[in-house]
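Asker: Can you keep this structure in mind? I'll have questions shortly.
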Amino acid sequence: MHLIVGLGNPGNGYRDTRHNIGFMLVDRLSSAHGLRLVNESCSAVWGRGMIRGVEAALAKPDTYMNLSGNAVCGLKDALLVSVESIIVAYDDCDLPLGRLRIRMAGGSGGHKGVESIIAGLGTNGFPRLRLGIGRPEAQKTDEFVLSHFRTEDTGAVEDMLNRAVSAIEALLTEGIVVAMNRYNEA
């Protein structure tokens, strides 16, 4: 089984902000595969089912971003998944808007949610899907990631989310190397 966790902040005030693109991806996967997020435990809202014939759980932590590790560790233990079977999807302002990057492991890049997960798991050896939200022009980074996408960004965001769904499906069914080769852009 795989655990796919999209990072974001709970509450309507954060809905559809750049920092919540991980939540948006989980919602898109949930809709595409009929996986309802009906369970509320382990500091997350989550659901379990099949994605392209592979057993998977989708989750959105109900903690704030910098405590995401609590949810991931709780779900890992409750669902009995290995660290290597956890896929974390999150916003990355070091990638241009719309760009995807799949990695097998690595550091946090300064992302507080990923830092929390690394600290909780005691390793950085979990796959992740970085979703490019662009770099702030005149705003501070923390203000930028909590801002909503501009109307003119809608097409790029929709395209990125659709490609991210396909990337997760490829990762689950064909493996991470194939998914990286297909979806990582130069």
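Scheme for the structure tokens: letters A, B, ... for chains in order shown; per-chain residue numbers from 1; ligand numbers from 1 in order shown.
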Between region 84-176 of chain A and region 69-76 of chain A, at 9 Å or less, what are the per-residue closest atom pairs and their distances in Å? Count only C-alpha atoms, order by chain and rising residue number, and return it as a Markdown table.
Answerer:
```
| residue | atom | partner | partner_atom | distance |
| --- | --- | --- | --- | --- |
| A:Ile86 | CA | A:Lys76 | CA | 7.9 |
| A:Gly113 | CA | A:Gly69 | CA | 7.1 |
| A:Val114 | CA | A:Gly69 | CA | 7.6 |
| A:Glu115 | CA | A:Gly69 | CA | 8.0 |
| A:Ser116 | CA | A:Gly69 | CA | 4.6 |
| A:Ile117 | CA | A:Gly69 | CA | 3.8 |
| A:Ile118 | CA | A:Gly69 | CA | 7.2 |
| A:Ala119 | CA | A:Gly69 | CA | 7.2 |
| A:Gly120 | CA | A:Gly69 | CA | 5.2 |
| A:Leu121 | CA | A:Cys73 | CA | 6.3 |
```
Asker: So which residues touch Met24 (chain A) within 9 Å, counting only C-alpha atoms, skipping near sequence neighbours fewer than 6 positions away, as a count of residues only?
Answerer: 5
Asker: Which residues, written as a ChimeraX atom specification, have at least one atom at most 10 Å from Gly49 (chain A), with only C-alpha atoms counted and residues fewer than 6 positions away on the same chain left out?
Answerer: /A:1,30,33-36,55-58
Asker: What does the file look like for those residues with all heavy atoms, as a PDB file, in the first residue's frame?
Answerer:
```
ATOM      1  N   MET A   1       0.833  -1.182   0.000  1.00  0.00           N
ATOM      2  CA  MET A   1       0.000   0.000   0.000  1.00  0.00           C
ATOM      3  C   MET A   1       0.878   1.246   0.000  1.00  0.00           C
ATOM      4  O   MET A   1       1.955   1.253   0.593  1.00  0.00           O
ATOM      5  CB  MET A   1      -0.901   0.031   1.223  1.00  0.00           C
ATOM      6  CG  MET A   1      -1.473   1.406   1.365  1.00  0.00           C
ATOM      7  SD  MET A   1      -3.071   1.664   2.041  1.00  0.00           S
ATOM      8  CE  MET A   1      -3.046   0.924   3.574  1.00  0.00           C
ATOM      9  N   SER A  30      -8.678  12.186  -5.352  1.00  0.00           N
ATOM     10  CA  SER A  30      -9.869  11.632  -4.718  1.00  0.00           C
ATOM     11  C   SER A  30     -11.023  11.597  -5.708  1.00  0.00           C
ATOM     12  O   SER A  30     -11.713  10.579  -5.856  1.00  0.00           O
ATOM     13  CB  SER A  30     -10.231  12.477  -3.492  1.00  0.00           C
ATOM     14  OG  SER A  30     -11.474  12.106  -2.968  1.00  0.00           O
ATOM     15  N   HIS A  33     -10.450   9.066  -8.734  1.00  0.00           N
ATOM     16  CA  HIS A  33     -10.438   7.637  -8.430  1.00  0.00           C
ATOM     17  C   HIS A  33     -11.526   7.200  -7.441  1.00  0.00           C
ATOM     18  O   HIS A  33     -11.507   6.061  -6.968  1.00  0.00           O
ATOM     19  CB  HIS A  33      -9.050   7.222  -7.936  1.00  0.00           C
ATOM     20  CG  HIS A  33      -8.023   7.372  -9.006  1.00  0.00           C
ATOM     21  ND1 HIS A  33      -7.887   6.463 -10.026  1.00  0.00           N
ATOM     22  CD2 HIS A  33      -7.117   8.352  -9.240  1.00  0.00           C
ATOM     23  CE1 HIS A  33      -6.925   6.866 -10.845  1.00  0.00           C
ATOM     24  NE2 HIS A  33      -6.454   8.018 -10.395  1.00  0.00           N
ATOM     25  N   GLY A  34     -12.442   8.097  -7.133  1.00  0.00           N
ATOM     26  CA  GLY A  34     -13.543   7.733  -6.254  1.00  0.00           C
ATOM     27  C   GLY A  34     -13.118   7.355  -4.853  1.00  0.00           C
ATOM     28  O   GLY A  34     -13.789   6.562  -4.189  1.00  0.00           O
ATOM     29  N   LEU A  35     -12.030   7.930  -4.394  1.00  0.00           N
ATOM     30  CA  LEU A  35     -11.541   7.681  -3.026  1.00  0.00           C
ATOM     31  C   LEU A  35     -12.058   8.808  -2.134  1.00  0.00           C
ATOM     32  O   LEU A  35     -11.597   9.935  -2.227  1.00  0.00           O
ATOM     33  CB  LEU A  35     -10.011   7.672  -2.986  1.00  0.00           C
ATOM     34  CG  LEU A  35      -9.339   6.438  -3.512  1.00  0.00           C
ATOM     35  CD1 LEU A  35      -7.876   6.709  -3.800  1.00  0.00           C
ATOM     36  CD2 LEU A  35      -9.459   5.331  -2.514  1.00  0.00           C
ATOM     37  N   ARG A  36     -13.001   8.493  -1.308  1.00  0.00           N
ATOM     38  CA  ARG A  36     -13.573   9.509  -0.425  1.00  0.00           C
ATOM     39  C   ARG A  36     -12.741   9.640   0.846  1.00  0.00           C
ATOM     40  O   ARG A  36     -12.344   8.645   1.439  1.00  0.00           O
ATOM     41  CB  ARG A  36     -15.008   9.147  -0.101  1.00  0.00           C
ATOM     42  CG  ARG A  36     -15.879   9.212  -1.365  1.00  0.00           C
ATOM     43  CD  ARG A  36     -17.336   9.001  -1.107  1.00  0.00           C
ATOM     44  NE  ARG A  36     -17.770   9.581   0.150  1.00  0.00           N
ATOM     45  CZ  ARG A  36     -18.669   9.002   0.940  1.00  0.00           C
ATOM     46  NH1 ARG A  36     -19.212   7.863   0.620  1.00  0.00           N
ATOM     47  NH2 ARG A  36     -19.017   9.576   2.077  1.00  0.00           N
ATOM     48  N   GLU A  55      -3.347  -0.413  -4.244  1.00  0.00           N
ATOM     49  CA  GLU A  55      -3.957   0.040  -3.001  1.00  0.00           C
ATOM     50  C   GLU A  55      -3.242   1.287  -2.504  1.00  0.00           C
ATOM     51  O   GLU A  55      -2.007   1.332  -2.438  1.00  0.00           O
ATOM     52  CB  GLU A  55      -3.888  -1.059  -1.938  1.00  0.00           C
ATOM     53  CG  GLU A  55      -4.685  -0.702  -0.699  1.00  0.00           C
ATOM     54  CD  GLU A  55      -4.691  -1.793   0.348  1.00  0.00           C
ATOM     55  OE1 GLU A  55      -3.882  -2.738   0.260  1.00  0.00           O
ATOM     56  OE2 GLU A  55      -5.497  -1.682   1.278  1.00  0.00           O
ATOM     57  N   ALA A  56      -4.047   2.298  -2.173  1.00  0.00           N
ATOM     58  CA  ALA A  56      -3.465   3.571  -1.741  1.00  0.00           C
ATOM     59  C   ALA A  56      -4.382   4.248  -0.742  1.00  0.00           C
ATOM     60  O   ALA A  56      -5.594   4.028  -0.727  1.00  0.00           O
ATOM     61  CB  ALA A  56      -3.245   4.483  -2.947  1.00  0.00           C
ATOM     62  N   ALA A  57      -3.780   5.080   0.078  1.00  0.00           N
ATOM     63  CA  ALA A  57      -4.517   5.964   0.975  1.00  0.00           C
ATOM     64  C   ALA A  57      -4.144   7.392   0.604  1.00  0.00           C
ATOM     65  O   ALA A  57      -2.985   7.687   0.318  1.00  0.00           O
ATOM     66  CB  ALA A  57      -4.163   5.681   2.431  1.00  0.00           C
ATOM     67  N   LEU A  58      -5.143   8.257   0.569  1.00  0.00           N
ATOM     68  CA  LEU A  58      -4.941   9.687   0.331  1.00  0.00           C
ATOM     69  C   LEU A  58      -5.185  10.414   1.643  1.00  0.00           C
ATOM     70  O   LEU A  58      -6.133  10.075   2.364  1.00  0.00           O
ATOM     71  CB  LEU A  58      -5.931  10.209  -0.708  1.00  0.00           C
ATOM     72  CG  LEU A  58      -5.875   9.628  -2.100  1.00  0.00           C
ATOM     73  CD1 LEU A  58      -7.028  10.174  -2.950  1.00  0.00           C
ATOM     74  CD2 LEU A  58      -4.541   9.952  -2.747  1.00  0.00           C
TER      75      LEU A  58
END
```
Asker: So that I can see what lies close to Pro61 (chain A), please list as a list in words the residues with an atom at most 7 Å from it, counting only C-alpha atoms and leaving out residues fewer than 4 positions away in the same chain.
Answerer: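 Near Pro61 (chain A), the qualifying residues are Leu7, Ser43, Ala44, Val45, Ser68 and Ala71 of chain A.
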Asker: Could you dump the residues just selected with C-alpha atoms as a PDB file, in the first residue's frame?
Answerer:
```pdb
ATOM      1  CA  LEU A   7       0.402  19.244   2.382  1.00  0.00           C
ATOM      2  CA  SER A  43      -4.357  14.271  12.800  1.00  0.00           C
ATOM      3  CA  ALA A  44      -5.606  13.907   9.213  1.00  0.00           C
ATOM      4  CA  VAL A  45      -8.595  13.477   6.977  1.00  0.00           C
ATOM      5  CA  SER A  68       2.573  17.826   9.113  1.00  0.00           C
ATOM      6  CA  ALA A  71      -0.110  13.261  10.691  1.00  0.00           C
TER       7      ALA A  71
END
```
Asker: As a list in words, please: the residues near Asn181 (chain A) (cut-off 12 Å, only C-alpha atoms, same-chain neighbours under 5 positions excluded).
Answerer: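 Neighbouring residues, sequence-local ones excluded: Leu100, Arg101, Ile102, Arg103, Ala167, Ala170, Leu171, Glu174, Gly175, Ile176 and Ala186 of chain A.
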Asker: I'd like the neighbourhood of Asp159 (chain A) as a PyMOL selection string, where a residue qualifies if any of its atoms comes within 12 Å (using only C-alpha atoms), though same-chain residues fewer than 5 positions away should be ignored.
Answerer: chain A and resi 25+28+97-100+131-132+153-154+164-166
Asker: Go ahead and write the residues just picked, C-alpha atoms, as an mmCIF file, in the first residue's frame.
Answerer:
```cif
data_model
loop_
_atom_site.group_PDB
_atom_site.id
_atom_site.type_symbol
_atom_site.label_atom_id
_atom_site.label_comp_id
_atom_site.auth_asym_id
_atom_site.auth_seq_id
_atom_site.Cartn_x
_atom_site.Cartn_y
_atom_site.Cartn_z
ATOM 1 C CA LEU A 25 -3.885 17.506 -5.660
ATOM 2 C CA ARG A 28 -8.175 15.900 -7.567
ATOM 3 C CA LEU A 97 4.494 27.998 -11.728
ATOM 4 C CA GLY A 98 3.253 24.759 -13.263
ATOM 5 C CA ARG A 99 6.485 22.777 -13.114
ATOM 6 C CA LEU A 100 6.595 19.337 -11.469
ATOM 7 C CA LEU A 131 4.501 21.392 -7.298
ATOM 8 C CA GLY A 132 5.841 24.665 -8.688
ATOM 9 C CA ASP A 153 -2.676 31.528 -13.232
ATOM 10 C CA THR A 154 -5.791 29.323 -13.378
ATOM 11 C CA ALA A 164 0.407 15.699 -11.176
ATOM 12 C CA VAL A 165 -2.470 13.190 -11.083
ATOM 13 C CA SER A 166 -0.897 11.396 -14.051
#
```
Asker: Could you pull out the strand (DSSP E or B) residues of region 65-183 of chain A, going by DSSP on the backbone, and write them as a ChimeraX atom specification?
Answerer: /A:86-92,100-103,128-132,148
Asker: Point out the residue among A:Ala89, A:Val157, A:Leu95, A:Leu3 with the least atom-to-atom distance to Asp77 (chain A), counting only C-alpha atoms.
Answerer: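 Of all the options, A:Leu3 lies closest to Asp77 (chain A).
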Asker: I'd like to know which residues of region 95-174 of chain A are helix (DSSP H, G or I) (by DSSP, run on the backbone); could you write them as a PyMOL selection string?
Answerer: chain A and resi 112-121+141-145+151-174
Asker: Would you put the residues from that selection into a file with N, CA and C atoms, as a JSON list (two decimals), in the first residue's frame?
Answerer:
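Output contents, as saved in result-v3.json:
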```
[["chain", "number", "residue", "atom", "x", "y", "z"],
["A", 112, "LYS", "N", 8.72, 24.04, 5.64],
["A", 112, "LYS", "CA", 8.46, 23.68, 7.04],
["A", 112, "LYS", "C", 7.68, 22.38, 7.19],
["A", 113, "GLY", "N", 6.74, 22.13, 6.28],
["A", 113, "GLY", "CA", 5.99, 20.88, 6.35],
["A", 113, "GLY", "C", 6.88, 19.68, 6.12],
["A", 114, "VAL", "N", 7.76, 19.77, 5.13],
["A", 114, "VAL", "CA", 8.68, 18.67, 4.83],
["A", 114, "VAL", "C", 9.68, 18.51, 5.96],
["A", 115, "GLU", "N", 10.14, 19.63, 6.54],
["A", 115, "GLU", "CA", 11.04, 19.55, 7.70],
["A", 115, "GLU", "C", 10.38, 18.77, 8.83],
["A", 116, "SER", "N", 9.10, 19.03, 9.08],
["A", 116, "SER", "CA", 8.37, 18.34, 10.14],
["A", 116, "SER", "C", 8.27, 16.84, 9.85],
["A", 117, "ILE", "N", 8.05, 16.49, 8.59],
["A", 117, "ILE", "CA", 7.95, 15.07, 8.23],
["A", 117, "ILE", "C", 9.30, 14.38, 8.38],
["A", 118, "ILE", "N", 10.36, 15.02, 7.93],
["A", 118, "ILE", "CA", 11.71, 14.45, 8.07],
["A", 118, "ILE", "C", 12.03, 14.24, 9.55],
["A", 119, "ALA", "N", 11.72, 15.24, 10.37],
["A", 119, "ALA", "CA", 11.99, 15.13, 11.81],
["A", 119, "ALA", "C", 11.17, 13.99, 12.42],
["A", 120, "GLY", "N", 9.91, 13.89, 12.05],
["A", 120, "GLY", "CA", 9.04, 12.86, 12.62],
["A", 120, "GLY", "C", 9.44, 11.45, 12.20],
["A", 121, "LEU", "N", 9.76, 11.28, 10.92],
["A", 121, "LEU", "CA", 10.13, 9.96, 10.42],
["A", 121, "LEU", "C", 11.57, 9.59, 10.76],
["A", 141, "THR", "N", 8.23, 35.73, 1.12],
["A", 141, "THR", "CA", 7.86, 34.36, 0.77],
["A", 141, "THR", "C", 6.69, 33.86, 1.58],
["A", 142, "ASP", "N", 6.68, 34.13, 2.91],
["A", 142, "ASP", "CA", 5.58, 33.61, 3.73],
["A", 142, "ASP", "C", 4.24, 34.24, 3.35],
["A", 143, "GLU", "N", 4.24, 35.50, 2.94],
["A", 143, "GLU", "CA", 3.00, 36.12, 2.47],
["A", 143, "GLU", "C", 2.59, 35.55, 1.11],
["A", 144, "PHE", "N", 3.57, 35.32, 0.25],
["A", 144, "PHE", "CA", 3.31, 34.81, -1.10],
["A", 144, "PHE", "C", 2.67, 33.43, -1.05],
["A", 145, "VAL", "N", 3.23, 32.51, -0.26],
["A", 145, "VAL", "CA", 2.70, 31.14, -0.25],
["A", 145, "VAL", "C", 1.29, 31.09, 0.34],
["A", 151, "THR", "N", -6.01, 35.11, -11.13],
["A", 151, "THR", "CA", -6.93, 34.61, -12.15],
["A", 151, "THR", "C", -6.17, 34.14, -13.38],
["A", 152, "GLU", "N", -5.16, 34.87, -13.78],
["A", 152, "GLU", "CA", -4.40, 34.49, -14.97],
["A", 152, "GLU", "C", -3.54, 33.23, -14.77],
["A", 153, "ASP", "N", -3.42, 32.75, -13.52],
["A", 153, "ASP", "CA", -2.68, 31.53, -13.23],
["A", 153, "ASP", "C", -3.55, 30.28, -13.32],
["A", 154, "THR", "N", -4.85, 30.45, -13.44],
["A", 154, "THR", "CA", -5.79, 29.32, -13.38],
["A", 154, "THR", "C", -5.45, 28.21, -14.37],
["A", 155, "GLY", "N", -5.17, 28.55, -15.61],
["A", 155, "GLY", "CA", -4.85, 27.54, -16.62],
["A", 155, "GLY", "C", -3.61, 26.75, -16.27],
["A", 156, "ALA", "N", -2.57, 27.44, -15.82],
["A", 156, "ALA", "CA", -1.32, 26.76, -15.46],
["A", 156, "ALA", "C", -1.52, 25.85, -14.25],
["A", 157, "VAL", "N", -2.30, 26.30, -13.29],
["A", 157, "VAL", "CA", -2.56, 25.49, -12.08],
["A", 157, "VAL", "C", -3.36, 24.25, -12.46],
["A", 158, "GLU", "N", -4.40, 24.41, -13.26],
["A", 158, "GLU", "CA", -5.22, 23.27, -13.69],
["A", 158, "GLU", "C", -4.37, 22.25, -14.47],
["A", 159, "ASP", "N", -3.55, 22.75, -15.38],
["A", 159, "ASP", "CA", -2.68, 21.86, -16.15],
["A", 159, "ASP", "C", -1.71, 21.12, -15.24],
["A", 160, "MET", "N", -1.12, 21.83, -14.29],
["A", 160, "MET", "CA", -0.18, 21.21, -13.36],
["A", 160, "MET", "C", -0.88, 20.13, -12.53],
["A", 161, "LEU", "N", -2.06, 20.40, -12.03],
["A", 161, "LEU", "CA", -2.77, 19.41, -11.22],
["A", 161, "LEU", "C", -3.13, 18.18, -12.04],
["A", 162, "ASN", "N", -3.53, 18.37, -13.28],
["A", 162, "ASN", "CA", -3.84, 17.22, -14.15],
["A", 162, "ASN", "C", -2.59, 16.38, -14.41],
["A", 163, "ARG", "N", -1.46, 17.04, -14.68],
["A", 163, "ARG", "CA", -0.21, 16.31, -14.90],
["A", 163, "ARG", "C", 0.26, 15.64, -13.61],
["A", 164, "ALA", "N", 0.01, 16.28, -12.47],
["A", 164, "ALA", "CA", 0.41, 15.70, -11.18],
["A", 164, "ALA", "C", -0.39, 14.43, -10.88],
["A", 165, "VAL", "N", -1.68, 14.41, -11.23],
["A", 165, "VAL", "CA", -2.47, 13.19, -11.08],
["A", 165, "VAL", "C", -1.85, 12.09, -11.93],
["A", 166, "SER", "N", -1.52, 12.39, -13.17],
["A", 166, "SER", "CA", -0.90, 11.40, -14.05],
["A", 166, "SER", "C", 0.46, 10.95, -13.51],
["A", 167, "ALA", "N", 1.20, 11.88, -12.92],
["A", 167, "ALA", "CA", 2.52, 11.55, -12.36],
["A", 167, "ALA", "C", 2.38, 10.59, -11.18],
["A", 168, "ILE", "N", 1.41, 10.83, -10.31],
["A", 168, "ILE", "CA", 1.17, 9.93, -9.18],
["A", 168, "ILE", "C", 0.75, 8.56, -9.70],
["A", 169, "GLU", "N", -0.13, 8.52, -10.68],
["A", 169, "GLU", "CA", -0.56, 7.25, -11.25],
["A", 169, "GLU", "C", 0.63, 6.48, -11.83],
["A", 170, "ALA", "N", 1.50, 7.18, -12.55],
["A", 170, "ALA", "CA", 2.69, 6.54, -13.11],
["A", 170, "ALA", "C", 3.63, 6.05, -12.01],
["A", 171, "LEU", "N", 3.80, 6.86, -10.99],
["A", 171, "LEU", "CA", 4.67, 6.48, -9.88],
["A", 171, "LEU", "C", 4.17, 5.19, -9.24],
["A", 172, "LEU", "N", 2.86, 5.08, -9.05],
["A", 172, "LEU", "CA", 2.29, 3.89, -8.41],
["A", 172, "LEU", "C", 2.36, 2.66, -9.31],
["A", 173, "THR", "N", 2.13, 2.83, -10.60],
["A", 173, "THR", "CA", 2.01, 1.66, -11.48],
["A", 173, "THR", "C", 3.28, 1.32, -12.24],
["A", 174, "GLU", "N", 4.15, 2.30, -12.47],
["A", 174, "GLU", "CA", 5.35, 2.06, -13.27],
["A", 174, "GLU", "C", 6.65, 2.29, -12.51]]
```
Asker: Between CA of Asn12 (chain A) and CA of Pro127 (chain A), measure the distance and give it in Å to one decimal.
Answerer: 28.3 Å
Asker: Would you mind reading off the distance between CA of Met65 (chain A) and CA of Asn9 (chain A), one decimal, in Å?
Answerer: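 Taking CA of Met65 (chain A) as the start and CA of Asn9 (chain A) as the end point, the length is 5.5 Å.
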Asker: So how far away is CA of His148 (chain A) from CA of Leu29 (chain A), in Å?
Answerer: 21.0 Å
Asker: Nearest to Gly125 (chain A) among A:Val178, A:Pro96, A:Gly109, A:Glu84, with distances taken over only C-alpha atoms: which residue is it?
Answerer: A:Glu84
